[in-house]
$ cat query.cif   # mmCIF, N, CA and C atoms
data_target
#
loop_
_atom_site.label_atom_id
_atom_site.label_comp_id
_atom_site.auth_asym_id
_atom_site.auth_seq_id
_atom_site.Cartn_x
_atom_site.Cartn_y
_atom_site.Cartn_z
N MET A 150 106.36 86.26 102.28
CA MET A 150 106.74 87.45 101.54
C MET A 150 106.78 87.13 100.04
N LYS A 151 106.20 88.01 99.24
CA LYS A 151 106.12 87.80 97.80
C LYS A 151 107.46 88.12 97.15
N ASP A 152 107.94 87.18 96.34
CA ASP A 152 109.15 87.38 95.56
C ASP A 152 108.83 88.40 94.48
N GLU A 153 109.69 89.43 94.30
CA GLU A 153 109.40 90.46 93.30
C GLU A 153 109.37 89.92 91.89
N ASN A 154 109.93 88.75 91.64
CA ASN A 154 109.91 88.15 90.32
C ASN A 154 108.86 87.05 90.20
N GLU A 155 108.02 86.93 91.21
CA GLU A 155 106.97 85.91 91.19
C GLU A 155 105.93 86.24 90.12
N ILE A 156 105.50 85.22 89.41
CA ILE A 156 104.47 85.39 88.39
C ILE A 156 103.12 85.15 89.06
N ILE A 157 102.22 86.12 88.96
CA ILE A 157 100.92 86.04 89.59
C ILE A 157 99.86 85.87 88.51
N LYS A 158 99.07 84.80 88.58
CA LYS A 158 97.97 84.60 87.63
C LYS A 158 96.71 85.18 88.24
N ILE A 159 95.94 85.87 87.37
CA ILE A 159 94.80 86.62 87.86
C ILE A 159 93.81 86.83 86.71
N THR A 160 92.52 86.89 87.05
CA THR A 160 91.55 87.23 86.01
C THR A 160 91.61 88.73 85.76
N LEU A 161 91.16 89.14 84.61
CA LEU A 161 91.14 90.56 84.30
C LEU A 161 90.20 91.29 85.25
N ARG A 162 89.12 90.65 85.67
CA ARG A 162 88.22 91.24 86.67
C ARG A 162 88.99 91.54 87.95
N GLU A 163 89.75 90.54 88.44
CA GLU A 163 90.53 90.72 89.67
C GLU A 163 91.58 91.81 89.50
N ALA A 164 92.20 91.88 88.32
CA ALA A 164 93.21 92.90 88.07
C ALA A 164 92.59 94.29 88.14
N LEU A 165 91.44 94.46 87.52
CA LEU A 165 90.78 95.77 87.54
C LEU A 165 90.30 96.12 88.94
N GLU A 166 89.77 95.16 89.65
CA GLU A 166 89.26 95.42 91.00
C GLU A 166 90.40 95.61 92.00
N SER A 167 91.51 94.90 91.83
CA SER A 167 92.60 94.98 92.80
C SER A 167 93.30 96.32 92.77
N THR A 168 93.33 96.97 91.62
CA THR A 168 94.01 98.27 91.54
C THR A 168 93.21 99.36 92.24
N GLN A 169 91.97 99.06 92.61
CA GLN A 169 91.15 100.03 93.31
C GLN A 169 91.36 99.97 94.82
N LYS A 170 92.08 98.96 95.27
CA LYS A 170 92.35 98.80 96.70
C LYS A 170 93.54 99.69 97.09
N THR A 171 93.59 100.08 98.34
CA THR A 171 94.71 100.88 98.83
C THR A 171 95.40 100.13 99.95
N PRO A 172 96.65 99.77 99.79
CA PRO A 172 97.43 99.85 98.56
C PRO A 172 96.98 98.77 97.58
N PRO A 173 97.30 98.95 96.30
CA PRO A 173 96.91 97.95 95.30
C PRO A 173 97.51 96.59 95.66
N ILE A 174 96.76 95.53 95.37
CA ILE A 174 97.21 94.18 95.70
C ILE A 174 98.33 93.74 94.76
N TYR A 175 98.21 94.06 93.49
CA TYR A 175 99.17 93.60 92.49
C TYR A 175 99.91 94.78 91.89
N ARG A 176 101.20 94.59 91.67
CA ARG A 176 102.04 95.62 91.06
C ARG A 176 102.76 95.00 89.87
N GLY A 177 103.14 95.83 88.93
CA GLY A 177 103.91 95.35 87.80
C GLY A 177 103.12 95.50 86.51
N TRP A 178 103.52 94.75 85.50
CA TRP A 178 102.91 94.79 84.18
C TRP A 178 101.93 93.64 84.03
N LEU A 179 100.81 93.91 83.39
CA LEU A 179 99.80 92.89 83.16
C LEU A 179 99.99 92.32 81.75
N PHE A 180 100.21 91.02 81.69
CA PHE A 180 100.31 90.29 80.43
C PHE A 180 99.01 89.53 80.23
N LEU A 181 98.46 89.60 79.00
CA LEU A 181 97.20 88.94 78.68
C LEU A 181 97.34 88.21 77.35
N PRO A 182 96.47 87.21 77.12
CA PRO A 182 96.45 86.60 75.79
C PRO A 182 95.89 87.60 74.78
N SER A 183 95.91 87.24 73.53
CA SER A 183 95.37 88.12 72.48
C SER A 183 93.90 88.43 72.75
N GLN A 184 93.47 89.59 72.26
CA GLN A 184 92.07 89.97 72.37
C GLN A 184 91.21 89.07 71.50
N PRO A 185 89.93 88.96 71.77
CA PRO A 185 89.13 89.77 72.68
C PRO A 185 89.28 89.29 74.13
N TRP A 186 89.16 90.25 75.04
CA TRP A 186 89.26 89.98 76.47
C TRP A 186 87.88 90.03 77.10
N THR A 187 87.72 89.22 78.14
CA THR A 187 86.52 89.26 78.98
C THR A 187 87.00 89.48 80.40
N LEU A 188 86.07 89.64 81.30
CA LEU A 188 86.43 89.79 82.71
C LEU A 188 87.05 88.51 83.27
N GLU A 189 86.80 87.39 82.61
CA GLU A 189 87.34 86.11 83.09
C GLU A 189 88.63 85.70 82.38
N THR A 190 89.14 86.55 81.50
CA THR A 190 90.42 86.27 80.83
C THR A 190 91.51 86.17 81.89
N ILE A 191 92.32 85.12 81.79
CA ILE A 191 93.40 84.91 82.75
C ILE A 191 94.66 85.61 82.24
N GLY A 192 95.23 86.42 83.10
CA GLY A 192 96.46 87.12 82.78
C GLY A 192 97.49 86.90 83.87
N THR A 193 98.58 87.61 83.74
CA THR A 193 99.70 87.48 84.67
C THR A 193 100.29 88.84 84.96
N PHE A 194 100.48 89.13 86.23
CA PHE A 194 101.24 90.32 86.61
C PHE A 194 102.69 89.91 86.80
N PHE A 195 103.58 90.71 86.27
CA PHE A 195 105.01 90.47 86.47
C PHE A 195 105.69 91.82 86.52
N ASP A 196 106.62 91.97 87.43
CA ASP A 196 107.30 93.24 87.64
C ASP A 196 108.53 93.33 86.74
N LEU A 197 108.44 94.17 85.71
CA LEU A 197 109.56 94.42 84.81
C LEU A 197 110.29 95.68 85.26
N ASP A 198 111.57 95.72 85.01
CA ASP A 198 112.37 96.89 85.31
C ASP A 198 112.09 97.95 84.25
N LYS A 199 111.43 99.04 84.64
CA LYS A 199 111.06 100.10 83.70
C LYS A 199 112.29 100.78 83.09
N ASN A 200 113.42 100.69 83.77
CA ASN A 200 114.63 101.34 83.29
C ASN A 200 115.38 100.49 82.27
N ASN A 201 115.01 99.23 82.16
CA ASN A 201 115.67 98.32 81.21
C ASN A 201 114.96 98.44 79.87
N LYS A 202 115.67 98.86 78.84
CA LYS A 202 115.07 99.08 77.53
C LYS A 202 114.62 97.79 76.87
N SER A 203 115.20 96.67 77.25
CA SER A 203 114.86 95.40 76.62
C SER A 203 113.94 94.60 77.55
N GLN A 204 112.67 95.00 77.59
CA GLN A 204 111.72 94.33 78.47
C GLN A 204 111.50 92.89 78.05
N HIS A 205 111.65 92.60 76.76
CA HIS A 205 111.46 91.22 76.29
C HIS A 205 112.46 90.28 76.97
N ASP A 206 113.69 90.77 77.19
CA ASP A 206 114.71 89.95 77.84
C ASP A 206 114.36 89.64 79.29
N GLN A 207 113.54 90.48 79.91
CA GLN A 207 113.16 90.30 81.30
C GLN A 207 111.96 89.37 81.46
N THR A 208 111.23 89.16 80.38
CA THR A 208 109.99 88.39 80.45
C THR A 208 110.30 86.91 80.65
N PRO A 209 109.72 86.32 81.69
CA PRO A 209 109.98 84.90 81.96
C PRO A 209 109.52 83.99 80.82
N GLU A 210 110.18 82.87 80.67
CA GLU A 210 109.85 81.91 79.62
C GLU A 210 108.40 81.44 79.72
N ASP A 211 107.87 81.33 80.94
CA ASP A 211 106.48 80.89 81.13
C ASP A 211 105.52 81.84 80.42
N ILE A 212 105.78 83.13 80.50
CA ILE A 212 104.93 84.13 79.86
C ILE A 212 105.14 84.09 78.35
N LYS A 213 106.39 83.99 77.92
CA LYS A 213 106.69 83.93 76.48
C LYS A 213 106.07 82.69 75.84
N SER A 214 106.16 81.55 76.52
CA SER A 214 105.64 80.31 75.93
C SER A 214 104.12 80.32 75.79
N LYS A 215 103.44 81.07 76.63
CA LYS A 215 101.98 81.17 76.53
C LYS A 215 101.56 82.28 75.57
N LYS A 216 102.55 82.95 74.98
CA LYS A 216 102.31 84.02 74.01
C LYS A 216 101.41 85.12 74.58
N LEU A 217 101.69 85.47 75.84
CA LEU A 217 100.95 86.55 76.46
C LEU A 217 101.52 87.89 76.01
N THR A 218 100.66 88.87 75.89
CA THR A 218 101.02 90.19 75.39
C THR A 218 101.15 91.17 76.55
N LEU A 219 102.17 91.98 76.51
CA LEU A 219 102.35 93.04 77.49
C LEU A 219 101.27 94.09 77.26
N THR A 220 100.52 94.45 78.31
CA THR A 220 99.47 95.46 78.16
C THR A 220 99.88 96.73 78.90
N LEU A 221 99.37 96.92 80.09
CA LEU A 221 99.63 98.13 80.87
C LEU A 221 100.24 97.77 82.20
N ASP A 222 100.96 98.71 82.78
CA ASP A 222 101.45 98.46 84.13
C ASP A 222 100.39 98.88 85.14
N SER A 223 100.57 98.46 86.37
CA SER A 223 99.53 98.68 87.40
C SER A 223 99.26 100.17 87.61
N ASP A 224 100.27 101.02 87.50
CA ASP A 224 100.04 102.46 87.67
C ASP A 224 99.12 103.00 86.58
N LEU A 225 99.33 102.56 85.36
CA LEU A 225 98.49 103.03 84.25
C LEU A 225 97.08 102.45 84.34
N ILE A 226 96.97 101.20 84.81
CA ILE A 226 95.64 100.62 85.03
C ILE A 226 94.89 101.47 86.06
N GLU A 227 95.59 101.90 87.12
CA GLU A 227 94.97 102.77 88.11
C GLU A 227 94.51 104.08 87.47
N ASP A 228 95.32 104.64 86.57
CA ASP A 228 94.95 105.88 85.88
C ASP A 228 93.70 105.69 85.03
N VAL A 229 93.63 104.57 84.32
CA VAL A 229 92.45 104.27 83.48
C VAL A 229 91.20 104.19 84.35
N ILE A 230 91.32 103.51 85.49
CA ILE A 230 90.18 103.37 86.39
C ILE A 230 89.80 104.72 87.01
N SER A 231 90.79 105.48 87.42
CA SER A 231 90.51 106.81 87.99
C SER A 231 89.80 107.70 86.99
N ASN A 232 90.25 107.66 85.74
CA ASN A 232 89.61 108.46 84.70
C ASN A 232 88.17 108.02 84.50
N ALA A 233 87.94 106.72 84.46
CA ALA A 233 86.57 106.21 84.29
C ALA A 233 85.69 106.62 85.47
N ARG A 234 86.22 106.52 86.69
CA ARG A 234 85.45 106.89 87.88
C ARG A 234 85.17 108.39 87.94
N ALA A 235 86.09 109.20 87.43
CA ALA A 235 85.88 110.65 87.39
C ALA A 235 84.71 110.99 86.47
N GLN A 236 84.56 110.22 85.41
CA GLN A 236 83.47 110.45 84.47
C GLN A 236 82.16 109.82 84.96
N ARG A 237 82.29 108.65 85.56
CA ARG A 237 81.13 107.89 86.05
C ARG A 237 81.44 107.34 87.43
N PRO A 238 81.02 108.03 88.48
CA PRO A 238 81.32 107.56 89.84
C PRO A 238 80.84 106.13 90.12
N ASN A 239 79.77 105.71 89.48
CA ASN A 239 79.25 104.35 89.69
C ASN A 239 79.59 103.44 88.51
N VAL A 240 80.77 103.61 87.96
CA VAL A 240 81.18 102.83 86.79
C VAL A 240 81.13 101.33 87.12
N THR A 241 80.66 100.55 86.17
CA THR A 241 80.57 99.10 86.37
C THR A 241 81.89 98.44 85.99
N THR A 242 82.05 97.20 86.41
CA THR A 242 83.25 96.45 86.04
C THR A 242 83.32 96.24 84.53
N ASN A 243 82.17 96.04 83.88
CA ASN A 243 82.16 95.91 82.42
C ASN A 243 82.62 97.21 81.75
N GLU A 244 82.24 98.35 82.31
CA GLU A 244 82.69 99.63 81.77
C GLU A 244 84.19 99.82 82.00
N LEU A 245 84.69 99.33 83.13
CA LEU A 245 86.13 99.39 83.38
C LEU A 245 86.88 98.54 82.36
N LEU A 246 86.32 97.38 82.04
CA LEU A 246 86.92 96.52 81.01
C LEU A 246 86.95 97.27 79.68
N ALA A 247 85.86 97.94 79.34
CA ALA A 247 85.81 98.71 78.09
C ALA A 247 86.86 99.82 78.10
N ALA A 248 87.01 100.50 79.22
CA ALA A 248 87.99 101.59 79.33
C ALA A 248 89.42 101.04 79.23
N PHE A 249 89.67 99.90 79.86
CA PHE A 249 90.99 99.25 79.80
C PHE A 249 91.31 98.84 78.36
N THR A 250 90.37 98.17 77.72
CA THR A 250 90.58 97.70 76.34
C THR A 250 90.78 98.89 75.40
N TYR A 251 89.98 99.93 75.58
CA TYR A 251 90.10 101.11 74.75
C TYR A 251 91.50 101.72 74.89
N TYR A 252 91.98 101.82 76.13
CA TYR A 252 93.30 102.40 76.34
C TYR A 252 94.39 101.54 75.68
N CYS A 253 94.28 100.24 75.82
CA CYS A 253 95.26 99.33 75.20
C CYS A 253 95.27 99.48 73.68
N ASP A 254 94.10 99.67 73.10
CA ASP A 254 93.98 99.76 71.64
C ASP A 254 94.34 101.14 71.09
N ASN A 255 94.10 102.19 71.87
CA ASN A 255 94.20 103.55 71.35
C ASN A 255 95.19 104.47 72.07
N ASP A 256 95.79 103.97 73.15
CA ASP A 256 96.71 104.78 73.95
C ASP A 256 96.04 106.11 74.34
N ALA A 257 94.78 106.00 74.71
CA ALA A 257 94.00 107.17 75.11
C ALA A 257 92.86 106.72 76.03
N PHE A 258 92.40 107.65 76.85
CA PHE A 258 91.29 107.33 77.75
C PHE A 258 89.96 107.31 76.99
N LEU A 259 89.11 106.39 77.38
CA LEU A 259 87.77 106.30 76.83
C LEU A 259 86.94 107.46 77.38
N LYS A 260 86.20 108.12 76.49
CA LYS A 260 85.29 109.18 76.92
C LYS A 260 83.89 108.59 76.93
N PHE A 261 83.35 108.46 78.14
CA PHE A 261 81.99 107.93 78.29
C PHE A 261 81.01 109.02 77.91
N GLU A 262 79.94 108.62 77.24
CA GLU A 262 78.88 109.57 76.94
C GLU A 262 78.19 109.97 78.24
N LYS A 263 77.77 111.20 78.29
CA LYS A 263 77.06 111.68 79.48
C LYS A 263 75.70 110.99 79.57
N CYS A 264 75.37 110.57 80.79
CA CYS A 264 74.04 110.00 81.03
C CYS A 264 73.02 111.13 81.01
N LYS A 265 71.89 110.87 80.40
CA LYS A 265 70.84 111.88 80.32
C LYS A 265 69.80 111.68 81.36
#
$ encode --input "query.cif" --output "structure tokens"
Amino acid sequence: MKDENEIIKITLREALESTQKTPPIYRGWLFLPSQPWTLETIGTFFDLDKNNKSQHDQTPEDIKSKKLTLTLDSDLIEDVISNARAQRPNVTTNELLAAFTYYCDNDAFLKFEKCK
């Protein structure tokens, strides 16, 4: 059984692909190193208490010492992927990475150009 406070290391590719599974394999917040990100960037999922205003106090020392940045939680990653799939049913993993990065940078969904 997975400890709810267990730190899970995962590539960004695995994070994006895992949220497409039902039920999602990983839950919580995704911490990543500074950008630029690739599909092989190693990150960490960790479950923070959304009701606790001081999320920094909840972040394990292992994550803090590696200077990982809080990005999106698994629910929002699912929303980013769902939005991308709604626009492009055959969206590629690279396009999902672009949509994820765009959302992290702009707090908005990426609008894919229509294929002609």
$ residues_around --input "query.cif" --residues "Leu217 of chain A" --least-positions-apart "4" --cutoff "6.5 Å" --atoms "only N, CA and C atoms" --output "mmCIF file with N, CA and C atoms, in the frame of the given file"
data_model
loop_
_atom_site.group_PDB
_atom_site.id
_atom_site.type_symbol
_atom_site.label_atom_id
_atom_site.label_comp_id
_atom_site.auth_asym_id
_atom_site.auth_seq_id
_atom_site.Cartn_x
_atom_site.Cartn_y
_atom_site.Cartn_z
ATOM 1 N N PHE A 180 100.210 91.020 81.690
ATOM 2 C CA PHE A 180 100.310 90.290 80.430
ATOM 3 C C PHE A 180 99.010 89.530 80.230
ATOM 4 N N LEU A 181 98.460 89.600 79.000
ATOM 5 C CA LEU A 181 97.200 88.940 78.680
ATOM 6 C C LEU A 181 97.340 88.210 77.350
ATOM 7 N N PRO A 182 96.470 87.210 77.120
ATOM 8 C CA PRO A 182 96.450 86.600 75.790
ATOM 9 C C PRO A 182 95.890 87.600 74.780
ATOM 10 N N SER A 183 95.910 87.240 73.530
ATOM 11 C CA SER A 183 95.370 88.120 72.480
ATOM 12 C C SER A 183 93.900 88.430 72.750
ATOM 13 N N ILE A 212 105.780 83.130 80.500
ATOM 14 C CA ILE A 212 104.930 84.130 79.860
ATOM 15 C C ILE A 212 105.140 84.090 78.350
ATOM 16 N N LYS A 213 106.390 83.990 77.920
ATOM 17 C CA LYS A 213 106.690 83.930 76.480
ATOM 18 C C LYS A 213 106.070 82.690 75.840
#
$ residues_around --input "query.cif" --residues "segment 254-258 of chain A" --least-positions-apart "6" --cutoff "12 Å" --atoms "only C-alpha atoms" --output "NGL selection string"
:A and (183-186 or 220-221 or 225-236 or 245 or 247-248)
$ resolve_selection --input "query.cif" --expression "the PyMOL selection byres ((chain A and resi 158) around 8)" --output "list in words"
Glu155, Ile156, Ile157, Ile159, Thr160, Leu161, Ile191, Gly192, Thr193, Phe194 and Phe195 of chain A
$ select_by_dssp --input "query.cif" --residues "segment 164-263 of chain A" --states "alpha helix (DSSP H)" --output "VMD selection string"
chain A and resid 164 to 167 204 to 207 210 to 214 223 to 236 242 to 255
$ atom_distance --input "query.cif" --atom1 "atom C of Thr190 of chain A" --atom2 "atom CA of Ala164 of chain A"
9.3 Å
$ atom_distance --input "query.cif" --atom1 "atom CA of Leu219 of chain A" --atom2 "atom CA of Thr242 of chain A"
21.2 Å
$ atom_distance --input "query.cif" --atom1 "atom C of Leu188 of chain A" --atom2 "atom CA of Glu163 of chain A"
7.6 Å
$ closest_residue --input "query.cif" --among "A:Glu262, A:Thr168, A:Thr250, A:Glu244" --to "Ser223 of chain A" --atoms "all atoms listed in the file"
A:Thr168
$ closest_residue --input "query.cif" --among "A:Asp222, A:Arg162, A:Lys216, A:Leu259" --to "Glu189 of chain A" --atoms "all atoms listed in the file"
A:Arg162
$ decode --input "query.cif" --residues "segment 238-254 of chain A" --atoms "N, CA and C atoms" --output "PDB file, in the first residue's frame"
ATOM      1  N   PRO A 238      -7.879  15.116 -31.059  1.00  0.00           N
ATOM      2  CA  PRO A 238      -8.073  13.758 -30.546  1.00  0.00           C
ATOM      3  C   PRO A 238      -6.812  12.882 -30.616  1.00  0.00           C
ATOM      4  N   ASN A 239      -5.960  13.128 -31.592  1.00  0.00           N
ATOM      5  CA  ASN A 239      -4.725  12.336 -31.730  1.00  0.00           C
ATOM      6  C   ASN A 239      -3.506  13.133 -31.268  1.00  0.00           C
ATOM      7  N   VAL A 240      -3.676  13.908 -30.212  1.00  0.00           N
ATOM      8  CA  VAL A 240      -2.594  14.748 -29.713  1.00  0.00           C
ATOM      9  C   VAL A 240      -1.381  13.885 -29.354  1.00  0.00           C
ATOM     10  N   THR A 241      -0.198  14.378 -29.680  1.00  0.00           N
ATOM     11  CA  THR A 241       1.030  13.640 -29.382  1.00  0.00           C
ATOM     12  C   THR A 241       1.502  13.972 -27.972  1.00  0.00           C
ATOM     13  N   THR A 242       2.411  13.157 -27.470  1.00  0.00           N
ATOM     14  CA  THR A 242       2.985  13.414 -26.154  1.00  0.00           C
ATOM     15  C   THR A 242       3.763  14.728 -26.154  1.00  0.00           C
ATOM     16  N   ASN A 243       4.438  15.047 -27.258  1.00  0.00           N
ATOM     17  CA  ASN A 243       5.144  16.337 -27.349  1.00  0.00           C
ATOM     18  C   ASN A 243       4.161  17.508 -27.290  1.00  0.00           C
ATOM     19  N   GLU A 244       3.000  17.353 -27.901  1.00  0.00           N
ATOM     20  CA  GLU A 244       1.985  18.402 -27.837  1.00  0.00           C
ATOM     21  C   GLU A 244       1.416  18.524 -26.418  1.00  0.00           C
ATOM     22  N   LEU A 245       1.289  17.392 -25.727  1.00  0.00           N
ATOM     23  CA  LEU A 245       0.849  17.441 -24.330  1.00  0.00           C
ATOM     24  C   LEU A 245       1.865  18.176 -23.472  1.00  0.00           C
ATOM     25  N   LEU A 246       3.143  17.942 -23.747  1.00  0.00           N
ATOM     26  CA  LEU A 246       4.201  18.667 -23.032  1.00  0.00           C
ATOM     27  C   LEU A 246       4.066  20.167 -23.295  1.00  0.00           C
ATOM     28  N   ALA A 247       3.825  20.540 -24.538  1.00  0.00           N
ATOM     29  CA  ALA A 247       3.652  21.956 -24.884  1.00  0.00           C
ATOM     30  C   ALA A 247       2.441  22.539 -24.156  1.00  0.00           C
ATOM     31  N   ALA A 248       1.352  21.792 -24.095  1.00  0.00           N
ATOM     32  CA  ALA A 248       0.139  22.266 -23.418  1.00  0.00           C
ATOM     33  C   ALA A 248       0.383  22.408 -21.909  1.00  0.00           C
ATOM     34  N   PHE A 249       1.091  21.448 -21.326  1.00  0.00           N
ATOM     35  CA  PHE A 249       1.426  21.489 -19.901  1.00  0.00           C
ATOM     36  C   PHE A 249       2.306  22.702 -19.598  1.00  0.00           C
ATOM     37  N   THR A 250       3.354  22.879 -20.381  1.00  0.00           N
ATOM     38  CA  THR A 250       4.283  23.994 -20.175  1.00  0.00           C
ATOM     39  C   THR A 250       3.564  25.328 -20.354  1.00  0.00           C
ATOM     40  N   TYR A 251       2.729  25.415 -21.372  1.00  0.00           N
ATOM     41  CA  TYR A 251       1.980  26.638 -21.623  1.00  0.00           C
ATOM     42  C   TYR A 251       1.099  26.977 -20.422  1.00  0.00           C
ATOM     43  N   TYR A 252       0.409  25.964 -19.883  1.00  0.00           N
ATOM     44  CA  TYR A 252      -0.463  26.221 -18.742  1.00  0.00           C
ATOM     45  C   TYR A 252       0.351  26.688 -17.532  1.00  0.00           C
ATOM     46  N   CYS A 253       1.482  26.056 -17.288  1.00  0.00           N
ATOM     47  CA  CYS A 253       2.340  26.454 -16.162  1.00  0.00           C
ATOM     48  C   CYS A 253       2.822  27.897 -16.313  1.00  0.00           C
ATOM     49  N   ASP A 254       3.125  28.293 -17.532  1.00  0.00           N
ATOM     50  CA  ASP A 254       3.652  29.642 -17.785  1.00  0.00           C
ATOM     51  C   ASP A 254       2.567  30.718 -17.833  1.00  0.00           C
TER      52      ASP A 254
END
